[in-house]
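Asks: If it helps, the file is called input_23.txt and holds compact mmCIF, C-alpha atoms:
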# COMPACT_ATOMS: atom_id res chain seq x y z
CA MET Y 1 -10.88 -23.09 4.04
CA GLU Y 2 -8.07 -20.94 5.41
CA LYS Y 3 -5.14 -22.34 7.37
CA HIS Y 4 -3.58 -20.34 10.20
CA ILE Y 5 0.12 -20.51 10.94
CA ARG Y 6 2.45 -18.82 13.43
CA THR Y 7 6.05 -17.84 12.92
CA PRO Y 8 8.73 -19.10 13.19
CA LEU Y 9 7.97 -22.00 10.88
CA THR Y 10 8.76 -25.63 11.60
CA ASP Y 11 9.29 -28.54 9.21
CA SER Y 12 5.94 -30.02 10.18
CA ALA Y 13 4.13 -26.70 9.65
CA VAL Y 14 5.73 -26.37 6.22
CA ARG Y 15 4.74 -29.94 5.31
CA SER Y 16 1.11 -29.21 6.25
CA LEU Y 17 0.87 -26.58 3.49
CA HIS Y 18 0.06 -27.33 -0.14
CA ALA Y 19 0.06 -25.29 -3.33
CA GLY Y 20 -3.22 -23.37 -3.61
CA ASP Y 21 -3.89 -23.26 0.15
CA LYS Y 22 -5.15 -19.95 1.55
CA VAL Y 23 -3.11 -19.15 4.65
CA ARG Y 24 -3.14 -16.47 7.38
CA ILE Y 25 0.21 -15.73 8.99
CA THR Y 26 0.61 -14.37 12.52
CA GLY Y 27 3.89 -13.46 14.19
CA VAL Y 28 7.17 -11.88 13.10
CA ILE Y 29 8.28 -11.66 9.47
CA TYR Y 30 11.23 -9.79 7.96
CA THR Y 31 11.26 -7.63 4.85
CA ALA Y 32 14.06 -7.84 2.27
CA ARG Y 33 14.14 -7.08 -1.44
CA ASP Y 34 16.81 -6.68 -4.12
CA ALA Y 35 19.46 -4.60 -2.37
CA ALA Y 36 19.07 -6.30 1.04
CA HIS Y 37 19.32 -9.74 -0.57
CA LYS Y 38 22.56 -8.73 -2.20
CA LYS Y 39 23.96 -7.55 1.15
CA LEU Y 40 22.75 -10.63 3.06
CA CYS Y 41 24.45 -12.91 0.54
CA GLU Y 42 27.65 -10.85 0.68
CA LEU Y 43 27.67 -11.39 4.48
CA LEU Y 44 27.17 -15.14 3.98
CA ASP Y 45 29.97 -15.28 1.39
CA ALA Y 46 32.30 -13.47 3.79
CA GLY Y 47 31.42 -15.93 6.56
CA GLU Y 48 29.98 -13.16 8.72
CA SER Y 49 26.88 -13.38 10.91
CA LEU Y 50 23.51 -12.20 9.58
CA PRO Y 51 21.54 -9.34 11.18
CA PHE Y 52 18.84 -11.77 12.30
CA ASP Y 53 18.66 -15.52 12.93
CA MET Y 54 17.17 -16.95 9.74
CA ARG Y 55 16.17 -20.32 11.14
CA GLY Y 56 12.47 -20.91 10.53
CA GLN Y 57 11.90 -17.30 9.52
CA ILE Y 58 9.81 -15.83 6.71
CA VAL Y 59 11.14 -13.11 4.45
CA TYR Y 60 8.62 -10.80 2.75
CA TYR Y 61 9.69 -9.13 -0.49
CA THR Y 62 8.44 -5.61 0.05
CA GLY Y 63 9.69 -2.06 0.22
CA PRO Y 64 7.01 -0.16 2.15
CA THR Y 65 6.14 3.48 1.69
CA PRO Y 66 6.99 5.68 4.72
CA ALA Y 67 4.48 5.39 7.57
CA PRO Y 68 2.24 8.44 7.80
CA PRO Y 69 1.50 9.76 11.32
CA GLY Y 70 -0.64 7.36 13.34
CA ARG Y 71 0.21 4.23 11.34
CA PRO Y 72 2.93 1.61 11.97
CA ILE Y 73 3.73 1.23 8.28
CA GLY Y 74 2.77 2.64 4.91
CA SER Y 75 1.57 0.72 1.87
CA CYS Y 76 3.33 -2.66 1.84
CA GLY Y 77 2.34 -5.05 -0.94
CA PRO Y 78 4.64 -7.69 -2.43
CA THR Y 79 7.26 -6.99 -5.07
CA THR Y 80 7.99 -9.40 -7.94
CA SER Y 81 9.83 -12.44 -6.61
CA TYR Y 82 11.91 -13.73 -9.53
CA ARG Y 83 14.44 -10.92 -9.02
CA MET Y 84 15.41 -12.58 -5.73
CA ASP Y 85 15.89 -16.04 -7.33
CA LYS Y 86 19.65 -15.62 -7.61
CA TYR Y 87 19.97 -15.17 -3.83
CA THR Y 88 17.17 -17.37 -2.44
CA PRO Y 89 18.87 -20.81 -2.39
CA ALA Y 90 21.73 -19.45 -0.23
CA LEU Y 91 19.29 -17.91 2.27
CA LEU Y 92 17.26 -21.13 2.48
CA ALA Y 93 20.50 -23.02 3.12
CA ALA Y 94 21.19 -20.51 5.95
CA GLY Y 95 17.92 -21.51 7.63
CA LEU Y 96 15.25 -19.34 6.03
CA GLN Y 97 12.05 -21.35 5.59
CA GLY Y 98 9.35 -19.10 4.13
CA LEU Y 99 9.17 -16.55 1.33
CA ILE Y 100 6.39 -14.09 0.48
CA GLY Y 101 6.26 -12.23 -2.83
CA LYS Y 102 4.37 -12.31 -6.10
CA GLY Y 103 4.78 -14.16 -9.36
CA ARG Y 104 6.79 -17.04 -10.72
CA ARG Y 105 9.99 -18.60 -9.32
CA GLY Y 106 12.77 -20.35 -11.18
CA GLN Y 107 13.50 -24.07 -10.92
CA THR Y 108 16.52 -23.48 -8.66
CA VAL Y 109 14.22 -21.92 -6.05
CA ILE Y 110 11.66 -24.71 -6.38
CA ASP Y 111 14.44 -27.28 -5.87
CA ALA Y 112 15.83 -25.37 -2.88
CA LEU Y 113 12.35 -25.29 -1.27
CA LYS Y 114 12.11 -29.07 -1.64
CA ALA Y 115 15.54 -29.55 -0.09
CA ARG Y 116 14.97 -27.25 2.91
CA PRO Y 117 11.85 -27.95 3.24
CA GLY Y 118 10.41 -24.49 2.66
CA VAL Y 119 7.37 -22.72 1.26
CA TYR Y 120 6.82 -19.80 -1.12
CA PHE Y 121 3.67 -17.76 -0.57
CA SER Y 122 2.17 -15.10 -2.81
CA ALA Y 123 0.40 -12.05 -1.45
CA GLU Y 124 -2.06 -10.11 -3.62
CA GLY Y 125 0.00 -7.83 -5.86
CA GLY Y 126 -0.86 -4.15 -5.97
CA CYS Y 127 -2.84 -4.27 -2.71
CA GLY Y 128 -0.34 -2.56 -0.43
CA ALA Y 129 -2.90 -0.27 1.20
CA LEU Y 130 -5.04 -3.22 2.24
CA LEU Y 131 -2.12 -5.41 3.37
CA ALA Y 132 -0.88 -2.60 5.65
CA ASN Y 133 -3.93 -3.27 7.83
CA TYR Y 134 -2.46 -6.64 8.88
CA VAL Y 135 0.84 -5.16 10.08
CA LYS Y 136 0.87 -4.25 13.78
CA SER Y 137 4.43 -2.96 14.15
CA CYS Y 138 7.46 -2.20 12.00
CA GLU Y 139 11.09 -1.45 12.87
CA VAL Y 140 14.28 -1.33 10.85
CA VAL Y 141 16.74 -4.03 11.96
CA ALA Y 142 19.44 -3.86 9.28
CA PHE Y 143 20.82 -1.74 6.43
CA PRO Y 144 19.01 1.52 7.31
CA GLU Y 145 21.03 3.22 4.57
CA LEU Y 146 18.87 1.35 2.03
CA GLY Y 147 15.73 3.32 2.94
CA ALA Y 148 12.64 1.41 1.77
CA GLU Y 149 14.95 -1.50 0.92
CA ALA Y 150 16.21 -1.85 4.52
CA VAL Y 151 15.40 -5.02 6.46
CA HIS Y 152 12.31 -4.33 8.58
CA ARG Y 153 10.98 -6.56 11.34
CA LEU Y 154 7.18 -6.70 11.06
CA GLU Y 155 4.67 -8.09 13.51
CA VAL Y 156 1.72 -9.29 11.47
CA GLU Y 157 -1.68 -10.67 12.41
CA ASP Y 158 -3.68 -12.89 10.04
CA PHE Y 159 -1.63 -11.66 7.08
CA PRO Y 160 -3.37 -13.17 4.00
CA VAL Y 161 -1.31 -15.21 1.50
CA ASP Y 162 -1.67 -18.17 -0.85
CA VAL Y 163 0.76 -21.07 -1.15
CA PHE Y 164 2.30 -20.58 -4.60
CA CYS Y 165 4.98 -23.26 -4.33
CA ASP Y 166 5.07 -25.95 -1.67
CA TRP Y 167 7.80 -28.22 -0.24
CA GLU Y 168 6.91 -30.97 -2.73
CA GLY Y 169 7.54 -28.71 -5.73
CA SER Y 170 3.89 -28.20 -6.66
CA VAL Y 171 3.02 -24.76 -8.02
CA TYR Y 172 -0.35 -23.02 -8.05
CA SER Y 173 -1.56 -19.66 -9.32
CA PRO Y 174 -5.01 -18.78 -10.63
CA TYR Y 175 -3.24 -17.13 -13.56
CA LEU Y 176 -1.00 -20.02 -14.65
CA MET A 1 -0.34 37.58 -31.06
CA SER A 2 -0.24 37.44 -27.27
CA VAL A 3 1.58 34.88 -25.19
CA ARG A 4 0.15 33.66 -21.89
CA GLU A 5 2.63 33.53 -19.03
CA ILE A 6 2.50 30.66 -16.53
CA ASP A 7 4.76 30.79 -13.48
CA ALA A 8 6.85 27.61 -13.11
CA ALA A 9 5.84 27.56 -9.42
CA ARG A 10 2.31 26.66 -10.56
CA LEU A 11 3.76 23.71 -12.46
CA THR A 12 5.53 22.53 -9.30
CA GLU A 13 2.30 22.76 -7.30
CA ALA A 14 0.36 20.88 -9.97
CA VAL A 15 2.89 18.05 -10.21
CA ALA A 16 2.99 17.68 -6.41
CA ARG A 17 -0.81 17.62 -6.14
CA LEU A 18 -1.35 15.27 -9.09
CA TYR A 19 1.37 12.80 -8.06
CA VAL A 20 -0.11 12.32 -4.58
CA ARG A 21 -3.66 12.15 -5.92
CA ALA A 22 -2.71 9.55 -8.53
CA CYS A 23 -1.10 7.33 -5.89
CA LEU A 24 -4.15 7.43 -3.61
CA ARG A 25 -7.07 7.21 -6.03
CA LEU A 26 -7.60 5.38 -9.32
CA PRO A 27 -9.36 7.02 -12.25
CA GLU A 28 -13.08 6.19 -12.15
CA TYR A 29 -13.08 4.12 -15.35
CA VAL A 30 -10.33 1.90 -13.90
CA GLU A 31 -12.31 1.36 -10.69
CA ASP A 32 -15.38 0.46 -12.76
CA ARG A 33 -13.49 -2.15 -14.77
CA LEU A 34 -11.93 -3.64 -11.64
CA ARG A 35 -15.37 -3.94 -10.04
CA THR A 36 -16.52 -5.81 -13.13
CA PHE A 37 -13.45 -8.08 -13.02
CA GLY A 38 -14.38 -8.84 -9.42
CA ASN A 39 -11.26 -9.71 -7.38
CA PRO A 40 -12.47 -8.79 -3.85
CA TYR A 41 -8.97 -7.98 -2.49
CA ILE A 42 -8.39 -5.47 -5.25
CA ILE A 43 -11.78 -3.83 -4.77
CA GLU A 44 -11.22 -3.61 -1.02
CA ASN A 45 -7.76 -2.15 -1.67
CA PHE A 46 -9.14 0.88 -3.47
CA GLU A 47 -12.27 1.20 -1.36
CA THR A 48 -10.50 1.43 2.02
CA ASN A 49 -7.59 3.38 3.48
CA GLY A 50 -7.87 6.59 1.51
CA ASP A 51 -4.74 7.82 3.30
CA LEU A 52 -2.27 5.18 2.03
CA PRO A 53 -0.86 4.76 -1.47
CA LEU A 54 -2.74 1.97 -3.29
CA CYS A 55 0.58 0.31 -4.06
CA GLN A 56 3.89 0.61 -2.22
CA ASP A 57 5.60 1.08 -5.57
CA THR A 58 4.70 4.71 -6.07
CA GLY A 59 6.67 4.45 -9.22
CA MET A 60 9.00 6.37 -11.37
CA ALA A 61 7.03 9.54 -12.09
CA ALA A 62 6.33 10.01 -15.77
CA VAL A 63 5.22 13.59 -16.32
CA TYR A 64 3.62 14.55 -19.62
CA LEU A 65 3.28 18.23 -20.51
CA GLU A 66 1.15 19.25 -23.46
CA VAL A 67 2.37 22.80 -23.86
CA GLY A 68 0.26 25.19 -25.88
CA GLN A 69 2.42 27.04 -28.38
CA ASP A 70 1.03 30.35 -27.08
CA ALA A 71 1.90 29.54 -23.45
CA HIS A 72 5.20 30.53 -21.87
CA ILE A 73 6.30 28.86 -18.65
CA THR A 74 8.56 31.29 -16.82
CA GLY A 75 11.35 29.47 -15.04
CA ASP A 76 13.20 26.15 -15.41
CA ILE A 77 10.55 23.60 -16.45
CA SER A 78 12.54 20.48 -15.66
CA ALA A 79 13.58 21.79 -12.23
CA ALA A 80 9.98 22.82 -11.51
CA VAL A 81 8.71 19.32 -12.32
CA ASP A 82 11.36 17.65 -10.17
CA GLU A 83 10.57 19.98 -7.29
CA GLY A 84 6.92 18.89 -7.58
CA VAL A 85 7.97 15.23 -7.40
CA ARG A 86 10.22 15.94 -4.40
CA ARG A 87 7.40 17.72 -2.58
CA ALA A 88 4.85 14.97 -3.32
CA VAL A 89 7.17 12.26 -2.03
CA LYS A 90 7.82 14.13 1.22
CA GLU A 91 4.34 15.43 1.92
CA GLY A 92 2.44 12.44 0.53
CA TYR A 93 4.63 9.76 2.20
CA LEU A 94 5.50 8.21 -1.17
CA ARG A 95 8.41 5.84 -1.68
CA ALA A 96 11.82 6.92 -2.94
CA SER A 97 12.48 4.30 -5.63
CA ILE A 98 14.91 5.99 -8.02
CA VAL A 99 18.62 5.20 -8.21
CA ALA A 100 20.91 7.84 -9.72
CA ASP A 101 22.83 5.39 -11.88
CA PRO A 102 21.65 2.10 -13.42
CA LEU A 103 24.73 0.12 -12.40
CA ARG A 104 26.07 1.94 -9.33
CA ARG A 105 22.57 2.19 -7.85
CA THR A 106 22.57 4.89 -5.19
CA ASN A 107 19.04 5.99 -4.26
CA THR A 108 18.44 9.69 -4.92
CA GLY A 109 16.32 9.75 -1.75
CA ASP A 110 13.48 11.90 -3.11
CA ASN A 111 12.32 9.93 -6.19
CA THR A 112 13.73 12.51 -8.59
CA PRO A 113 14.26 12.93 -11.43
CA ALA A 114 10.94 12.47 -13.22
CA CYS A 115 10.73 11.14 -16.77
CA LEU A 116 9.57 14.33 -18.45
CA TYR A 117 7.89 14.34 -21.88
CA THR A 118 6.75 17.47 -23.67
CA ASP A 119 4.49 17.92 -26.65
CA ILE A 120 3.86 21.24 -28.36
CA VAL A 121 0.16 21.66 -29.14
CA PRO A 122 -2.10 24.51 -30.30
CA GLY A 123 -3.51 26.87 -27.64
CA ASP A 124 -2.23 28.80 -24.64
CA THR A 125 -2.74 26.28 -21.83
CA VAL A 126 -0.55 23.52 -20.41
CA ARG A 127 -2.02 20.11 -19.63
CA VAL A 128 -0.05 18.33 -16.90
CA THR A 129 -0.42 14.56 -16.51
CA VAL A 130 1.41 12.55 -13.85
CA VAL A 131 1.67 8.79 -14.28
CA PRO A 132 3.29 6.87 -11.43
CA ARG A 133 4.62 3.74 -13.15
CA GLY A 134 5.62 0.85 -10.90
CA PHE A 135 8.29 -1.48 -12.20
CA GLY A 136 6.45 -4.75 -11.56
CA CYS A 137 4.60 -4.11 -14.80
CA GLU A 138 7.25 -1.89 -16.41
CA ASN A 139 9.65 -4.85 -16.39
CA LYS A 140 7.20 -6.88 -18.49
CA ALA A 141 7.13 -4.53 -21.49
CA ARG A 142 8.58 -5.87 -24.76
CA LEU A 143 9.29 -4.51 -28.21
CA ALA A 144 9.74 -6.40 -31.48
CA MET A 145 10.89 -4.97 -34.79
CA LEU A 146 8.62 -7.27 -36.80
CA ALA A 147 8.88 -7.61 -40.57
CA PRO A 148 6.04 -6.37 -42.80
CA ALA A 149 5.51 -10.02 -43.81
CA ASP A 150 4.71 -10.90 -40.18
CA GLY A 151 1.57 -8.80 -40.60
CA LEU A 152 -1.54 -8.96 -38.46
CA GLU A 153 -0.91 -12.52 -37.33
CA GLY A 154 2.63 -11.65 -36.22
CA VAL A 155 1.32 -8.69 -34.21
CA LYS A 156 -1.37 -10.76 -32.52
CA ALA A 157 1.08 -13.51 -31.59
CA PHE A 158 3.59 -11.05 -30.11
CA VAL A 159 0.93 -9.18 -28.10
CA LEU A 160 -0.61 -12.36 -26.69
CA ASP A 161 2.78 -13.89 -25.92
CA THR A 162 3.88 -10.75 -24.06
CA ALA A 163 0.60 -10.55 -22.13
CA ARG A 164 0.81 -14.19 -21.04
CA LEU A 165 4.42 -13.81 -19.92
CA ALA A 166 3.45 -10.76 -17.85
CA VAL A 167 1.13 -12.53 -15.45
CA PRO A 168 1.03 -13.34 -12.62
CA ASP A 169 4.19 -11.28 -11.94
CA ALA A 170 2.76 -7.93 -13.10
CA CYS A 171 -0.30 -7.69 -10.81
CA PRO A 172 -3.27 -8.86 -12.89
CA PRO A 173 -5.78 -7.91 -14.12
CA VAL A 174 -3.59 -5.91 -16.47
CA LEU A 175 -4.32 -3.42 -19.20
CA ILE A 176 -2.36 -4.15 -22.35
CA GLY A 177 -1.13 -1.20 -24.42
CA VAL A 178 0.10 -1.76 -27.97
CA GLY A 179 2.14 0.74 -29.98
CA LEU A 180 2.26 -0.17 -33.64
CA GLY A 181 4.33 1.52 -36.34
CA GLY A 182 6.50 4.62 -36.17
CA ASN A 183 10.08 3.71 -35.36
CA PHE A 184 11.72 1.85 -32.44
CA ASP A 185 11.18 4.56 -29.80
CA ARG A 186 7.90 5.90 -31.23
CA ALA A 187 6.32 2.45 -30.89
CA ALA A 188 7.36 2.24 -27.23
CA TYR A 189 6.01 5.74 -26.54
CA LEU A 190 2.68 4.91 -28.21
CA SER A 191 2.31 1.69 -26.23
CA LYS A 192 2.62 3.69 -23.00
CA LYS A 193 0.04 6.21 -24.20
CA ALA A 194 -2.26 3.35 -25.20
CA VAL A 195 -2.26 1.87 -21.69
CA LEU A 196 -3.81 5.11 -20.40
CA ARG A 197 -6.60 5.41 -22.99
CA PRO A 198 -10.10 4.83 -21.60
CA GLU A 199 -11.73 4.90 -25.04
CA PRO A 200 -11.27 2.43 -27.92
CA ASN A 201 -9.24 3.23 -31.03
CA PRO A 202 -11.35 5.50 -33.29
CA ASP A 203 -10.49 3.39 -36.36
CA PRO A 204 -13.02 0.49 -36.48
CA PHE A 205 -10.32 -1.88 -37.81
CA TYR A 206 -8.16 -1.35 -34.70
CA ALA A 207 -11.16 -1.18 -32.35
CA ALA A 208 -12.11 -4.67 -33.59
CA LEU A 209 -8.56 -5.89 -33.03
CA GLU A 210 -8.63 -4.49 -29.48
CA THR A 211 -11.84 -6.43 -28.82
CA GLU A 212 -10.46 -9.63 -30.33
CA LEU A 213 -7.26 -9.47 -28.24
CA TYR A 214 -9.24 -8.62 -25.11
CA GLU A 215 -11.50 -11.67 -25.65
CA GLN A 216 -8.40 -13.84 -25.64
CA THR A 217 -6.90 -12.28 -22.49
CA LYS A 218 -9.93 -11.43 -20.35
CA ALA A 219 -9.08 -14.10 -17.77
CA PHE A 220 -6.30 -11.77 -16.64
CA SER A 221 -6.90 -8.43 -18.36
CA ILE A 222 -9.29 -5.48 -18.17
CA GLY A 223 -8.66 -4.27 -21.69
CA VAL A 224 -6.41 -3.91 -24.72
CA ARG A 225 -5.68 -0.54 -26.32
CA ILE A 226 -3.80 0.07 -29.58
CA LEU A 227 -2.25 3.27 -30.92
CA THR A 228 -0.62 3.41 -34.34
CA ALA A 229 1.63 5.66 -36.41
CA PRO A 230 2.80 5.63 -40.02
CA THR A 231 5.94 3.55 -40.45
CA HIS A 232 8.66 2.63 -42.97
CA ILE A 233 8.25 0.28 -45.97
CA ALA A 234 10.77 -2.10 -44.35
CA GLY A 235 9.32 -2.26 -40.86
CA LEU A 236 6.51 -3.16 -38.48
CA PRO A 237 7.59 -1.99 -35.00
CA CYS A 238 5.37 -3.51 -32.30
CA ALA A 239 5.69 -2.46 -28.64
CA VAL A 240 3.62 -3.87 -25.81
CA SER A 241 3.35 -2.12 -22.44
CA VAL A 242 1.63 -3.75 -19.52
CA GLY A 243 -0.35 -1.69 -17.01
CA CYS A 244 -0.94 -3.36 -13.66
CA HIS A 245 -4.38 -3.05 -12.06
CA SER A 246 -3.09 -0.06 -10.11
CA LEU A 247 -3.42 1.94 -13.32
CA ARG A 248 -2.72 5.34 -11.85
CA SER A 249 -2.74 8.73 -13.50
CA ALA A 250 -3.97 12.24 -12.77
CA SER A 251 -4.23 15.28 -14.98
CA GLU A 252 -5.12 18.97 -14.91
CA VAL A 253 -4.90 22.03 -17.13
CA LEU A 254 -2.95 25.17 -16.21
Go through the file and emit its structure as structure tokens.
Replies:
Amino acid sequence: MEKHIRTPLTDSAVRSLHAGDKVRITGVIYTARDAAHKKLCELLDAGESLPFDMRGQIVYYTGPTPAPPGRPIGSCGPTTSYRMDKYTPALLAAGLQGLIGKGRRGQTVIDALKARPGVYFSAEGGCGALLANYVKSCEVVAFPELGAEAVHRLEVEDFPVDVFCDWEGSVYSPYL
Amino acid sequence: MSVREIDAARLTEAVARLYVRACLRLPEYVEDRLRTFGNPYIIENFETNGDLPLCQDTGMAAVYLEVGQDAHITGDISAAVDEGVRRAVKEGYLRASIVADPLRRTNTGDNTPACLYTDIVPGDTVRVTVVPRGFGCENKARLAMLAPADGLEGVKAFVLDTARLAVPDACPPVLIGVGLGGNFDRAAYLSKKAVLRPEPNPDPFYAALETELYEQTKAFSIGVRILTAPTHIAGLPCAVSVGCHSLRSASEVL
């Protein structure tokens, strides 16, 4: 059975999700991948404000292809998550509560999710054309100079994900 | 002995056409294997939205040219290939994913340059193959300079270990390409070629090994392919490339 959640997340919403759950997300999510994570953490280190309020938000690790005419976004599947591990604990400490990507996370991320509490979802890798159908709007909100790696604000409806790692530290993947 | 002239502009057009086509549509044999594997999201991904790239990582473009020794491409081949990539990215709404320098990391903005490989072959035609390689799976490739004493068992262990480490990060079901023998770089090159082979190894010994390794990985793979080359008395190079399920390539002959 699928669970439906709305953004922004709350502690109780996060605690209702368990590793292996199939979830549909509706609301606003933000994209960020390698280069944007580096910049966000540099802002945090410098004590400067972030380009969006992270509290309760979900970050989606994706770098979409350019939107062709008549579509809000191009192909937008998840990129591999472990590359963001170095930056993730700092962003969770800054208020971030949900992560969407694909593949394994390191123990430091699992521990940081337990502390927050937060949740790491996986979206189906390599299915960017299909996942684009669940995105209703897309605009760049930070670091436009990064191109596909800029931070985009997406409005999504029933975006399909699985809970890969929950707030209790349990991990599930059909391939593990 | 006559030489056939091929205008480099035709090479540009072919690369542009093939790159976009490869990003939008999988080869038929890949679709067939994915249908058999049965993940409904993946099947829906390639059955719908013919206008969007199957994966947002439209890759680093590997371009393979098999140049007939009696063909002459008039013009700058490398520039012609890069112009094809540039055109595909702009007209096909592909992603610019290439940084000009590995450490200073400024995006080139048009996904150039391509990784260009050329082989000289008999004949007077040029076969152009474009392979968009995403880095989710590229990052999972490994190479071991095994010792001859490691033998068949050493090869099996390294292939299976690499395959298991690759998922779920590298978008399963994957196709596992093994390059065995040659030298350090030859093994890597062969493993990449192996990933793209629809047909089994013609040598029954290696075809049986492909089947055996596939049986042990079929929970997350759609095949294992092995290519080999003669090697040195002191070595057993073994490279493993992982192809994600978006196993894209397109080819034509000029």
Asks: Hey, can you check how far atom CA of Y:Leu99 sits from atom CA of Y:Thr62?
Replies: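 A separation of 11.0 Å between them.
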Asks: How many Å lie between atom CA of A:Ala208 and atom CA of A:Lys156, rounded to one decimal?
Replies: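 Distance between the two atoms: 12.4 Å.
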Asks: In the coordinates of the file, take the point (24.5, -4.8, -3.9) and a cut-off of 12 Å; then, counting all atoms listed in the file, name each qualifying protein, DNA or RNA residue as number ranges by chain.
Replies: Y: 33-43, 87, 143, 146, 149; A: 103-106
Asks: For a quick check of understanding, using all atoms listed in the file, which of Y:Met84, Y:Ala94, Y:Cys127, Y:Leu50 has the smallest distance to chain A?
Replies: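 Once distances to chain A are computed over all atoms listed in the file, the minimum belongs to Y:Cys127.
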Asks: Define the interface residues of chain A facing chain Y as those within 10 Å, counting all atoms listed in the file, and report them as a ChimeraX atom specification.
Replies: /A:24,39,41-58,89-97,105-107,109,134-137,139,164-173,219-220,244-247
Asks: Hey, can you check how far atom CA of A:Glu138 sits from atom CA of A:Gly243?
Replies: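 Going from atom CA of A:Glu138 over to atom CA of A:Gly243, I get 7.6 Å.
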Asks: In the coordinate frame of the file, compute which residues have an atom within 6 Å of (6.5, -25.0, -0.8) when using only C-alpha atoms, and state them as an MDAnalysis selection string.
Replies: chainID Y and resid 113 118:120 165:167
Asks: I'd like the neighbourhood of A:Val85 as a ChimeraX atom specification, where a residue qualifies if any of its atoms comes within 12 Å (using all atoms listed in the file), though same-chain residues fewer than 4 positions away should be ignored.
Replies: /A:11-20,58-63,78-81,89-98,109-116,130-132
